[in-house]
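Structure file final-v8.pdb; described as PDB, C-alpha atoms and all ligand atoms.
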ATOM      1  CA  MET W 216      -2.116 -15.429  21.159  1.00  0.00           C
ATOM      2  CA  SER W 217      -0.358 -15.208  17.792  1.00  0.00           C
ATOM      3  CA  ASN W 218       0.841 -11.917  16.337  1.00  0.00           C
ATOM      4  CA  ALA W 219      -1.366  -9.913  14.004  1.00  0.00           C
ATOM      5  CA  THR W 220      -0.176 -10.086  10.400  1.00  0.00           C
ATOM      6  CA  VAL W 221       0.013  -7.064   8.116  1.00  0.00           C
ATOM      7  CA  PHE W 222       0.304  -7.389   4.338  1.00  0.00           C
ATOM      8  CA  ILE W 223       2.001  -4.359   2.756  1.00  0.00           C
ATOM      9  CA  LEU W 224       1.396  -4.475  -0.992  1.00  0.00           C
ATOM     10  CA  ASN W 225       2.911  -2.274  -3.662  1.00  0.00           C
ATOM     11  CA  GLY W 226       1.872  -1.831  -7.258  1.00  0.00           C
ATOM     12  CA  PRO W 227       3.668  -1.170 -10.526  1.00  0.00           C
ATOM     13  CA  ASN W 228       6.868   0.832 -10.847  1.00  0.00           C
ATOM     14  CA  LEU W 229       7.356   1.102  -7.091  1.00  0.00           C
ATOM     15  CA  ASN W 230      10.324  -1.264  -7.474  1.00  0.00           C
ATOM     16  CA  LEU W 231      12.030   1.768  -9.040  1.00  0.00           C
ATOM     17  CA  LEU W 232      11.593   4.050  -6.024  1.00  0.00           C
ATOM     18  CA  GLY W 233      14.734   6.055  -5.384  1.00  0.00           C
ATOM     19  CA  GLN W 234      15.463   6.278  -9.130  1.00  0.00           C
ATOM     20  CA  ARG W 235      11.981   7.106 -10.401  1.00  0.00           C
ATOM     21  CA  GLN W 236      11.056  10.816 -10.450  1.00  0.00           C
ATOM     22  CA  PRO W 237      12.725  11.461  -7.061  1.00  0.00           C
ATOM     23  CA  GLU W 238      11.396  15.032  -7.087  1.00  0.00           C
ATOM     24  CA  ILE W 239       7.928  13.463  -6.715  1.00  0.00           C
ATOM     25  CA  TYR W 240       8.583  10.174  -4.929  1.00  0.00           C
ATOM     26  CA  GLY W 241      11.755  10.892  -2.955  1.00  0.00           C
ATOM     27  CA  PHE W 242      15.122   9.195  -2.793  1.00  0.00           C
ATOM     28  CA  LEU W 243      14.243   6.294  -0.494  1.00  0.00           C
ATOM     29  CA  THR W 244      14.057   2.883  -2.128  1.00  0.00           C
ATOM     30  CA  LEU W 245      11.314   0.323  -1.572  1.00  0.00           C
ATOM     31  CA  LYS W 246      13.912  -1.681   0.414  1.00  0.00           C
ATOM     32  CA  ASP W 247      14.347   1.354   2.714  1.00  0.00           C
ATOM     33  CA  ILE W 248      10.581   1.543   3.189  1.00  0.00           C
ATOM     34  CA  GLU W 249      10.400  -2.199   3.843  1.00  0.00           C
ATOM     35  CA  ALA W 250      13.145  -1.880   6.499  1.00  0.00           C
ATOM     36  CA  ALA W 251      11.332   0.999   8.236  1.00  0.00           C
ATOM     37  CA  CYS W 252       8.084  -1.001   8.238  1.00  0.00           C
ATOM     38  CA  GLN W 253       9.904  -4.097   9.536  1.00  0.00           C
ATOM     39  CA  ASP W 254      11.288  -2.045  12.453  1.00  0.00           C
ATOM     40  CA  ILE W 255       7.814  -0.851  13.443  1.00  0.00           C
ATOM     41  CA  CYS W 256       6.445  -4.392  13.136  1.00  0.00           C
ATOM     42  CA  ASP W 257       9.309  -5.830  15.230  1.00  0.00           C
ATOM     43  CA  GLN W 258       8.818  -3.199  17.914  1.00  0.00           C
ATOM     44  CA  ASN W 259       5.099  -3.845  18.097  1.00  0.00           C
ATOM     45  CA  GLY W 260       4.794  -7.598  17.694  1.00  0.00           C
ATOM     46  CA  LEU W 261       3.366  -7.609  14.185  1.00  0.00           C
ATOM     47  CA  ASP W 262       4.213 -10.126  11.478  1.00  0.00           C
ATOM     48  CA  MET W 263       4.749  -8.489   8.097  1.00  0.00           C
ATOM     49  CA  VAL W 264       4.508  -9.675   4.513  1.00  0.00           C
ATOM     50  CA  PHE W 265       5.920  -7.019   2.169  1.00  0.00           C
ATOM     51  CA  ALA W 266       5.472  -7.475  -1.582  1.00  0.00           C
ATOM     52  CA  GLN W 267       5.619  -5.562  -4.842  1.00  0.00           C
ATOM     53  CA  SER W 268       4.324  -6.545  -8.265  1.00  0.00           C
ATOM     54  CA  ASN W 269       4.071  -4.896 -11.638  1.00  0.00           C
ATOM     55  CA  HIS W 270       1.206  -7.252 -12.546  1.00  0.00           C
ATOM     56  CA  GLU W 271      -2.442  -6.636 -11.723  1.00  0.00           C
ATOM     57  CA  GLY W 272      -3.368 -10.327 -11.435  1.00  0.00           C
ATOM     58  CA  GLU W 273      -0.476 -10.995  -9.069  1.00  0.00           C
ATOM     59  CA  LEU W 274      -1.695  -8.193  -6.831  1.00  0.00           C
ATOM     60  CA  VAL W 275      -5.199  -9.717  -6.888  1.00  0.00           C
ATOM     61  CA  ASP W 276      -3.660 -13.088  -5.899  1.00  0.00           C
ATOM     62  CA  LEU W 277      -1.767 -11.418  -3.026  1.00  0.00           C
ATOM     63  CA  ILE W 278      -5.022  -9.853  -1.787  1.00  0.00           C
ATOM     64  CA  HIS W 279      -6.655 -13.299  -1.920  1.00  0.00           C
ATOM     65  CA  ARG W 280      -3.753 -14.653   0.135  1.00  0.00           C
ATOM     66  CA  ALA W 281      -4.237 -11.792   2.588  1.00  0.00           C
ATOM     67  CA  ARG W 282      -7.863 -12.934   3.040  1.00  0.00           C
ATOM     68  CA  LEU W 283      -6.500 -16.121   4.591  1.00  0.00           C
ATOM     69  CA  GLU W 284      -3.410 -14.782   6.377  1.00  0.00           C
ATOM     70  CA  ALA W 285      -3.711 -11.070   7.153  1.00  0.00           C
ATOM     71  CA  ASP W 286      -5.362  -8.874   9.772  1.00  0.00           C
ATOM     72  CA  CYS W 287      -4.699  -5.697   7.800  1.00  0.00           C
ATOM     73  CA  ILE W 288      -3.742  -4.663   4.272  1.00  0.00           C
ATOM     74  CA  ILE W 289      -1.662  -1.559   3.641  1.00  0.00           C
ATOM     75  CA  MET W 290      -1.557  -0.989  -0.096  1.00  0.00           C
ATOM     76  CA  ASN W 291      -0.026   1.476  -2.481  1.00  0.00           C
ATOM     77  CA  PRO W 292      -1.719   0.298  -5.682  1.00  0.00           C
ATOM     78  CA  ALA W 293       0.290   2.906  -7.666  1.00  0.00           C
ATOM     79  CA  ALA W 294      -1.149   3.432 -11.169  1.00  0.00           C
ATOM     80  CA  TYR W 295      -3.725   0.650 -10.623  1.00  0.00           C
ATOM     81  CA  THR W 296      -5.348   2.980  -8.073  1.00  0.00           C
ATOM     82  CA  HIS W 297      -6.795   4.885 -10.979  1.00  0.00           C
ATOM     83  CA  THR W 298      -7.650   1.997 -13.305  1.00  0.00           C
ATOM     84  CA  SER W 299      -8.301  -1.286 -11.549  1.00  0.00           C
ATOM     85  CA  VAL W 300     -11.800  -2.526 -10.812  1.00  0.00           C
ATOM     86  CA  ALA W 301     -10.210  -5.966 -10.248  1.00  0.00           C
ATOM     87  CA  ILE W 302      -8.068  -4.721  -7.354  1.00  0.00           C
ATOM     88  CA  ARG W 303     -11.019  -2.841  -5.864  1.00  0.00           C
ATOM     89  CA  ASP W 304     -13.215  -5.958  -6.099  1.00  0.00           C
ATOM     90  CA  ALA W 305     -10.515  -8.099  -4.483  1.00  0.00           C
ATOM     91  CA  LEU W 306     -10.080  -5.597  -1.641  1.00  0.00           C
ATOM     92  CA  ALA W 307     -13.854  -5.483  -1.147  1.00  0.00           C
ATOM     93  CA  THR W 308     -13.704  -9.171  -0.149  1.00  0.00           C
ATOM     94  CA  PHE W 309     -11.312  -8.351   2.726  1.00  0.00           C
ATOM     95  CA  ASP W 310     -13.354  -7.497   5.813  1.00  0.00           C
ATOM     96  CA  LYS W 311     -10.544  -6.133   8.008  1.00  0.00           C
ATOM     97  CA  PRO W 312      -8.745  -2.747   7.920  1.00  0.00           C
ATOM     98  CA  ILE W 313      -7.383  -1.560   4.574  1.00  0.00           C
ATOM     99  CA  TYR W 314      -5.141   1.511   4.384  1.00  0.00           C
ATOM    100  CA  GLU W 315      -4.491   3.041   0.965  1.00  0.00           C
ATOM    101  CA  VAL W 316      -1.120   4.803   0.822  1.00  0.00           C
ATOM    102  CA  HIS W 317       0.336   7.170  -1.764  1.00  0.00           C
ATOM    103  CA  LEU W 318       3.736   8.766  -1.438  1.00  0.00           C
ATOM    104  CA  SER W 319       2.678  11.842  -3.390  1.00  0.00           C
ATOM    105  CA  ASN W 320      -0.350  14.059  -2.878  1.00  0.00           C
ATOM    106  CA  VAL W 321      -2.326  12.656  -5.789  1.00  0.00           C
ATOM    107  CA  HIS W 322      -4.901  15.467  -5.473  1.00  0.00           C
ATOM    108  CA  GLN W 323      -2.265  18.049  -6.308  1.00  0.00           C
ATOM    109  CA  ARG W 324      -1.314  16.233  -9.514  1.00  0.00           C
ATOM    110  CA  GLU W 325      -2.919  15.439 -12.891  1.00  0.00           C
ATOM    111  CA  ALA W 326      -6.715  15.094 -12.921  1.00  0.00           C
ATOM    112  CA  PHE W 327      -6.532  11.362 -13.793  1.00  0.00           C
ATOM    113  CA  ARG W 328      -4.872  10.764 -10.410  1.00  0.00           C
ATOM    114  CA  HIS W 329      -7.736  12.383  -8.487  1.00  0.00           C
ATOM    115  CA  HIS W 330      -9.998   9.353  -8.771  1.00  0.00           C
ATOM    116  CA  SER W 331      -9.208   6.174  -6.863  1.00  0.00           C
ATOM    117  CA  TYR W 332     -11.085   2.917  -7.369  1.00  0.00           C
ATOM    118  CA  VAL W 333      -9.622   1.787  -4.047  1.00  0.00           C
ATOM    119  CA  SER W 334     -10.631   4.616  -1.691  1.00  0.00           C
ATOM    120  CA  GLY W 335     -14.278   3.531  -1.649  1.00  0.00           C
ATOM    121  CA  VAL W 336     -13.337   0.201  -0.058  1.00  0.00           C
ATOM    122  CA  ALA W 337     -10.469   1.500   2.126  1.00  0.00           C
ATOM    123  CA  THR W 338     -10.683   2.174   5.851  1.00  0.00           C
ATOM    124  CA  GLY W 339      -8.418   5.182   5.414  1.00  0.00           C
ATOM    125  CA  VAL W 340      -6.320   6.976   2.824  1.00  0.00           C
ATOM    126  CA  ILE W 341      -2.881   8.537   3.362  1.00  0.00           C
ATOM    127  CA  ALA W 342      -1.351  10.645   0.591  1.00  0.00           C
ATOM    128  CA  GLY W 343       1.415  13.189   0.313  1.00  0.00           C
ATOM    129  CA  PHE W 344       3.566  12.214   3.292  1.00  0.00           C
ATOM    130  CA  GLY W 345       6.213  10.369   1.297  1.00  0.00           C
ATOM    131  CA  ALA W 346       7.585   7.151   2.741  1.00  0.00           C
ATOM    132  CA  PHE W 347       6.282   8.134   6.182  1.00  0.00           C
ATOM    133  CA  GLY W 348       2.795   7.286   4.877  1.00  0.00           C
ATOM    134  CA  TYR W 349       3.583   3.572   5.284  1.00  0.00           C
ATOM    135  CA  SER W 350       4.665   4.097   8.908  1.00  0.00           C
ATOM    136  CA  ALA W 351       1.574   6.222   9.502  1.00  0.00           C
ATOM    137  CA  ALA W 352      -0.633   3.422   8.186  1.00  0.00           C
ATOM    138  CA  LEU W 353       1.040   0.909  10.502  1.00  0.00           C
ATOM    139  CA  LEU W 354       0.597   3.285  13.451  1.00  0.00           C
ATOM    140  CA  ALA W 355      -3.066   3.739  12.490  1.00  0.00           C
ATOM    141  CA  PHE W 356      -3.530  -0.030  12.527  1.00  0.00           C
ATOM    142  CA  LEU W 357      -1.828  -0.261  15.934  1.00  0.00           C
ATOM    143  CA  ALA W 358      -3.982   2.581  17.283  1.00  0.00           C
ATOM    144  CA  ARG W 359      -7.283   1.153  16.006  1.00  0.00           C
ATOM    145  CA  GLU W 360     -10.116   0.972  18.513  1.00  0.00           C
TER     146      GLU W 360
HETATM  147  C1  LIG W 401       1.427   6.755  -6.349  1.00  0.00           C
HETATM  148  C2  LIG W 401       0.579   7.768  -7.123  1.00  0.00           C
HETATM  149  C3  LIG W 401       0.041   7.151  -8.403  1.00  0.00           C
HETATM  150  O1  LIG W 401      -0.740   8.107  -9.110  1.00  0.00           O
HETATM  151  C4  LIG W 401       1.188   6.715  -9.297  1.00  0.00           C
HETATM  152  O2  LIG W 401       0.690   6.079 -10.453  1.00  0.00           O
HETATM  153  C5  LIG W 401       2.186   5.873  -8.590  1.00  0.00           C
HETATM  154  C6  LIG W 401       2.532   6.170  -7.218  1.00  0.00           C
HETATM  155  C7  LIG W 401       2.100   7.386  -5.113  1.00  0.00           C
HETATM  156  O3  LIG W 401       2.585   6.626  -4.282  1.00  0.00           O
HETATM  157  O4  LIG W 401       2.150   8.614  -4.995  1.00  0.00           O
HETATM  158  O5  LIG W 401       2.787   4.997  -9.199  1.00  0.00           O
HETATM  159  O6  LIG W 401       0.575   5.714  -5.889  1.00  0.00           O
END
Final structure tokens representation of the file:
Amino acid sequence: MSNATVFILNGPNLNLLGQRQPEIYGFLTLKDIEAACQDICDQNGLDMVFAQSNHEGELVDLIHRARLEADCIIMNPAAYTHTSVAIRDALATFDKPIYEVHLSNVHQREAFRHHSYVSGVATGVIAGFGAFGYSAALLAFLARE
């Protein structure tokens, strides 16, 4: 049997993690997060595709690719969480587990961050655990019933 494949998708400005508002998002870079996710995938026989884009349409295209190649999507849609019907609609076409991840506790922050277009089509939502949220999402996928 072939390995399950997990797509881990990251939205705008997350390429700047480590430099960007570290008091909110921490000092780890997206490369650090990718390496931690790769370790968990290697230890558990998962194939991983890890991507980041600052462009909404590119993220939609990655979700379409995931429809053909992935068994799970873990996504931090970043600011598009709060604005993008297109990303929500794309995710709604994916009929396997979707985990929405936010480094920060969006509910503790500005009111415009309290609404997510994505949560309504996600299997689960993880927010406020920093970079560990990505590991937690992978562990949740591995622990699924
Ligand atoms: C974020 C929270 C969003 O509100 C914000 O726009 C981001 C990052 C997080 O990981 O905490 O870019 O998704």
Could you please extract the residues within 6 Å of ligand LIG 401 (chain W), counting all atoms listed in the file, and hand them back as a list in words? Asn291, Pro292, Ala293, Ala294, His317, Leu318, Ser319, Val321 and Arg328 of chain W
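Note that atom CA of W:Val221 and atom CA of W:Glu284 are 8.6 Å apart.
Here the PyMOL selection byres (((chain W and resi 228-243) around 9) and not hetatm) captures the residues Asn225, Gly226, Pro227, Thr244, Leu245, Lys246, Asp247, Ile248, Gln267, Ser268, Asn269, Asn291, Ala293, Ala294, Leu318, Ser319, Gly345 and Ala346 of chain W.
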Okay, now the selection with C-alpha atoms, as an mmCIF file, keeping the file's coordinate frame?
data_model
loop_
_atom_site.group_PDB
_atom_site.id
_atom_site.type_symbol
_atom_site.label_atom_id
_atom_site.label_comp_id
_atom_site.auth_asym_id
_atom_site.auth_seq_id
_atom_site.Cartn_x
_atom_site.Cartn_y
_atom_site.Cartn_z
ATOM 1 C CA ASN W 225 2.911 -2.274 -3.662
ATOM 2 C CA GLY W 226 1.872 -1.831 -7.258
ATOM 3 C CA PRO W 227 3.668 -1.170 -10.526
ATOM 4 C CA THR W 244 14.057 2.883 -2.128
ATOM 5 C CA LEU W 245 11.314 0.323 -1.572
ATOM 6 C CA LYS W 246 13.912 -1.681 0.414
ATOM 7 C CA ASP W 247 14.347 1.354 2.714
ATOM 8 C CA ILE W 248 10.581 1.543 3.189
ATOM 9 C CA GLN W 267 5.619 -5.562 -4.842
ATOM 10 C CA SER W 268 4.324 -6.545 -8.265
ATOM 11 C CA ASN W 269 4.071 -4.896 -11.638
ATOM 12 C CA ASN W 291 -0.026 1.476 -2.481
ATOM 13 C CA ALA W 293 0.290 2.906 -7.666
ATOM 14 C CA ALA W 294 -1.149 3.432 -11.169
ATOM 15 C CA LEU W 318 3.736 8.766 -1.438
ATOM 16 C CA SER W 319 2.678 11.842 -3.390
ATOM 17 C CA GLY W 345 6.213 10.369 1.297
ATOM 18 C CA ALA W 346 7.585 7.151 2.741
#
Near W:Arg359, counting only C-alpha atoms, which residues have an atom at most 12 Å away, once you skip same-chain residues fewer than 5 positions from it, shown as a PyMOL selection string? chain W and resi 286-287+311-314+338-339+352-354
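For the choices W:Ala301, W:Ala326, W:Ala307, W:Asn218, the atom-to-atom distance to W:Asn259 is smallest for W:Asn218 when using all atoms listed in the file.
For the pair atom CA of W:Ala251 and atom CA of W:Ser331, the interatomic distance is 26.0 Å.
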Starting from the PyMOL selection byres (((chain W and resi 265) around 7) and not hetatm), expand the selection into actual residues of this file and give them as an MDAnalysis selection string. chainID W and resid 222:224 249 263:264 266
All residues 6 Å or closer to W:Asn320, all atoms listed in the file, same chain fewer than 3 positions away omitted, as a list of chain:residue names: W:Gln323, W:Ala342, W:Gly343
Could you check the closest approach to W:Glu273 for each of W:Ala358, W:Ile255, W:Ala305, W:Leu261 and tell me which residue wins, using all atoms listed in the file? W:Ala305
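For the atom pair formed by atom CA of W:Ser350 and atom CA of W:Gly272, the distance is 26.2 Å, given to one decimal.
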Could stretch 227-269 of chain W be written out with N, CA and C atoms, as an mmCIF file, in the first residue's frame, please?
data_model
loop_
_atom_site.group_PDB
_atom_site.id
_atom_site.type_symbol
_atom_site.label_atom_id
_atom_site.label_comp_id
_atom_site.auth_asym_id
_atom_site.auth_seq_id
_atom_site.Cartn_x
_atom_site.Cartn_y
_atom_site.Cartn_z
ATOM 1 N N PRO W 227 -0.425 33.970 2.581
ATOM 2 C CA PRO W 227 0.436 35.139 2.409
ATOM 3 C C PRO W 227 1.170 35.571 3.671
ATOM 4 N N ASN W 228 2.369 36.025 3.450
ATOM 5 C CA ASN W 228 3.261 36.591 4.475
ATOM 6 C C ASN W 228 3.897 35.548 5.385
ATOM 7 N N LEU W 229 3.482 34.291 5.256
ATOM 8 C CA LEU W 229 4.077 33.271 6.126
ATOM 9 C C LEU W 229 5.500 32.928 5.696
ATOM 10 N N ASN W 230 5.895 33.360 4.492
ATOM 11 C CA ASN W 230 7.306 33.243 4.095
ATOM 12 C C ASN W 230 8.196 34.118 4.977
ATOM 13 N N LEU W 231 7.594 35.080 5.668
ATOM 14 C CA LEU W 231 8.384 35.987 6.516
ATOM 15 C C LEU W 231 8.419 35.543 7.982
ATOM 16 N N LEU W 232 7.902 34.363 8.272
ATOM 17 C CA LEU W 232 7.922 33.911 9.674
ATOM 18 C C LEU W 232 9.347 33.937 10.214
ATOM 19 N N GLY W 233 9.462 34.328 11.469
ATOM 20 C CA GLY W 233 10.784 34.464 12.083
ATOM 21 C C GLY W 233 11.208 35.926 12.121
ATOM 22 N N GLN W 234 10.787 36.678 11.062
ATOM 23 C CA GLN W 234 11.093 38.122 11.015
ATOM 24 C C GLN W 234 9.841 38.937 11.287
ATOM 25 N N ARG W 235 8.685 38.348 10.966
ATOM 26 C CA ARG W 235 7.418 39.079 10.973
ATOM 27 C C ARG W 235 6.774 39.032 12.350
ATOM 28 N N GLN W 236 6.627 40.173 13.005
ATOM 29 C CA GLN W 236 5.960 40.267 14.302
ATOM 30 C C GLN W 236 6.246 39.032 15.182
ATOM 31 N N PRO W 237 7.516 38.806 15.534
ATOM 32 C CA PRO W 237 7.847 37.587 16.289
ATOM 33 C C PRO W 237 7.141 37.508 17.634
ATOM 34 N N GLU W 238 6.732 38.676 18.179
ATOM 35 C CA GLU W 238 6.014 38.647 19.457
ATOM 36 C C GLU W 238 4.646 37.973 19.294
ATOM 37 N N ILE W 239 4.146 37.941 18.054
ATOM 38 C CA ILE W 239 2.867 37.257 17.784
ATOM 39 C C ILE W 239 3.104 35.871 17.196
ATOM 40 N N TYR W 240 4.035 35.794 16.224
ATOM 41 C CA TYR W 240 4.173 34.565 15.442
ATOM 42 C C TYR W 240 5.386 33.715 15.816
ATOM 43 N N GLY W 241 6.236 34.223 16.714
ATOM 44 C CA GLY W 241 7.387 33.442 17.141
ATOM 45 C C GLY W 241 8.605 33.653 16.260
ATOM 46 N N PHE W 242 9.685 33.007 16.645
ATOM 47 C CA PHE W 242 10.965 33.197 15.966
ATOM 48 C C PHE W 242 11.294 32.078 14.987
ATOM 49 N N LEU W 243 10.482 31.027 14.965
ATOM 50 C CA LEU W 243 10.755 29.939 14.014
ATOM 51 C C LEU W 243 10.408 30.399 12.607
ATOM 52 N N THR W 244 11.181 29.933 11.643
ATOM 53 C CA THR W 244 10.907 30.254 10.243
ATOM 54 C C THR W 244 9.998 29.171 9.655
ATOM 55 N N LEU W 245 9.471 29.466 8.462
ATOM 56 C CA LEU W 245 8.638 28.458 7.791
ATOM 57 C C LEU W 245 9.480 27.228 7.444
ATOM 58 N N LYS W 246 10.770 27.434 7.165
ATOM 59 C CA LYS W 246 11.686 26.304 6.911
ATOM 60 C C LYS W 246 11.793 25.419 8.155
ATOM 61 N N ASP W 247 11.861 26.055 9.354
ATOM 62 C CA ASP W 247 11.901 25.278 10.597
ATOM 63 C C ASP W 247 10.628 24.443 10.744
ATOM 64 N N ILE W 248 9.499 25.076 10.439
ATOM 65 C CA ILE W 248 8.214 24.356 10.562
ATOM 66 C C ILE W 248 8.165 23.209 9.552
ATOM 67 N N GLU W 249 8.627 23.490 8.334
ATOM 68 C CA GLU W 249 8.649 22.435 7.308
ATOM 69 C C GLU W 249 9.505 21.254 7.778
ATOM 70 N N ALA W 250 10.667 21.556 8.381
ATOM 71 C CA ALA W 250 11.570 20.480 8.838
ATOM 72 C C ALA W 250 10.905 19.658 9.942
ATOM 73 N N ALA W 251 10.211 20.325 10.861
ATOM 74 C CA ALA W 251 9.538 19.595 11.950
ATOM 75 C C ALA W 251 8.431 18.703 11.379
ATOM 76 N N CYS W 252 7.703 19.229 10.400
ATOM 77 C CA CYS W 252 6.634 18.433 9.766
ATOM 78 C C CYS W 252 7.237 17.248 9.003
ATOM 79 N N GLN W 253 8.363 17.505 8.308
ATOM 80 C CA GLN W 253 9.008 16.429 7.546
ATOM 81 C C GLN W 253 9.432 15.294 8.476
ATOM 82 N N ASP W 254 9.958 15.649 9.659
ATOM 83 C CA ASP W 254 10.362 14.630 10.639
ATOM 84 C C ASP W 254 9.177 13.753 11.026
ATOM 85 N N ILE W 255 8.054 14.391 11.345
ATOM 86 C CA ILE W 255 6.867 13.617 11.751
ATOM 87 C C ILE W 255 6.412 12.733 10.596
ATOM 88 N N CYS W 256 6.427 13.280 9.382
ATOM 89 C CA CYS W 256 6.008 12.485 8.218
ATOM 90 C C CYS W 256 6.952 11.301 8.012
ATOM 91 N N ASP W 257 8.266 11.552 8.119
ATOM 92 C CA ASP W 257 9.246 10.464 7.928
ATOM 93 C C ASP W 257 9.050 9.363 8.965
ATOM 94 N N GLN W 258 8.789 9.800 10.208
ATOM 95 C CA GLN W 258 8.646 8.808 11.284
ATOM 96 C C GLN W 258 7.358 8.006 11.165
ATOM 97 N N ASN W 259 6.415 8.520 10.416
ATOM 98 C CA ASN W 259 5.099 7.875 10.373
ATOM 99 C C ASN W 259 4.672 7.452 8.969
ATOM 100 N N GLY W 260 5.613 7.425 8.055
ATOM 101 C CA GLY W 260 5.308 6.914 6.716
ATOM 102 C C GLY W 260 4.316 7.755 5.937
ATOM 103 N N LEU W 261 4.405 9.064 6.092
ATOM 104 C CA LEU W 261 3.553 9.957 5.299
ATOM 105 C C LEU W 261 4.402 10.654 4.248
ATOM 106 N N ASP W 262 3.843 10.859 3.071
ATOM 107 C CA ASP W 262 4.484 11.725 2.077
ATOM 108 C C ASP W 262 3.942 13.137 2.275
ATOM 109 N N MET W 263 4.827 14.113 2.142
ATOM 110 C CA MET W 263 4.434 15.503 2.432
ATOM 111 C C MET W 263 4.722 16.413 1.245
ATOM 112 N N VAL W 264 3.780 17.265 0.948
ATOM 113 C CA VAL W 264 4.012 18.384 0.018
ATOM 114 C C VAL W 264 3.805 19.649 0.846
ATOM 115 N N PHE W 265 4.834 20.483 0.942
ATOM 116 C CA PHE W 265 4.779 21.678 1.782
ATOM 117 C C PHE W 265 4.932 22.886 0.866
ATOM 118 N N ALA W 266 3.980 23.798 0.902
ATOM 119 C CA ALA W 266 4.029 24.936 -0.037
ATOM 120 C C ALA W 266 3.537 26.207 0.632
ATOM 121 N N GLN W 267 4.025 27.316 0.109
ATOM 122 C CA GLN W 267 3.567 28.639 0.579
ATOM 123 C C GLN W 267 3.346 29.506 -0.648
ATOM 124 N N SER W 268 2.291 30.310 -0.623
ATOM 125 C CA SER W 268 2.094 31.288 -1.696
ATOM 126 C C SER W 268 1.480 32.556 -1.134
ATOM 127 N N ASN W 269 1.871 33.655 -1.743
ATOM 128 C CA ASN W 269 1.267 34.947 -1.406
ATOM 129 C C ASN W 269 0.079 35.260 -2.314
#
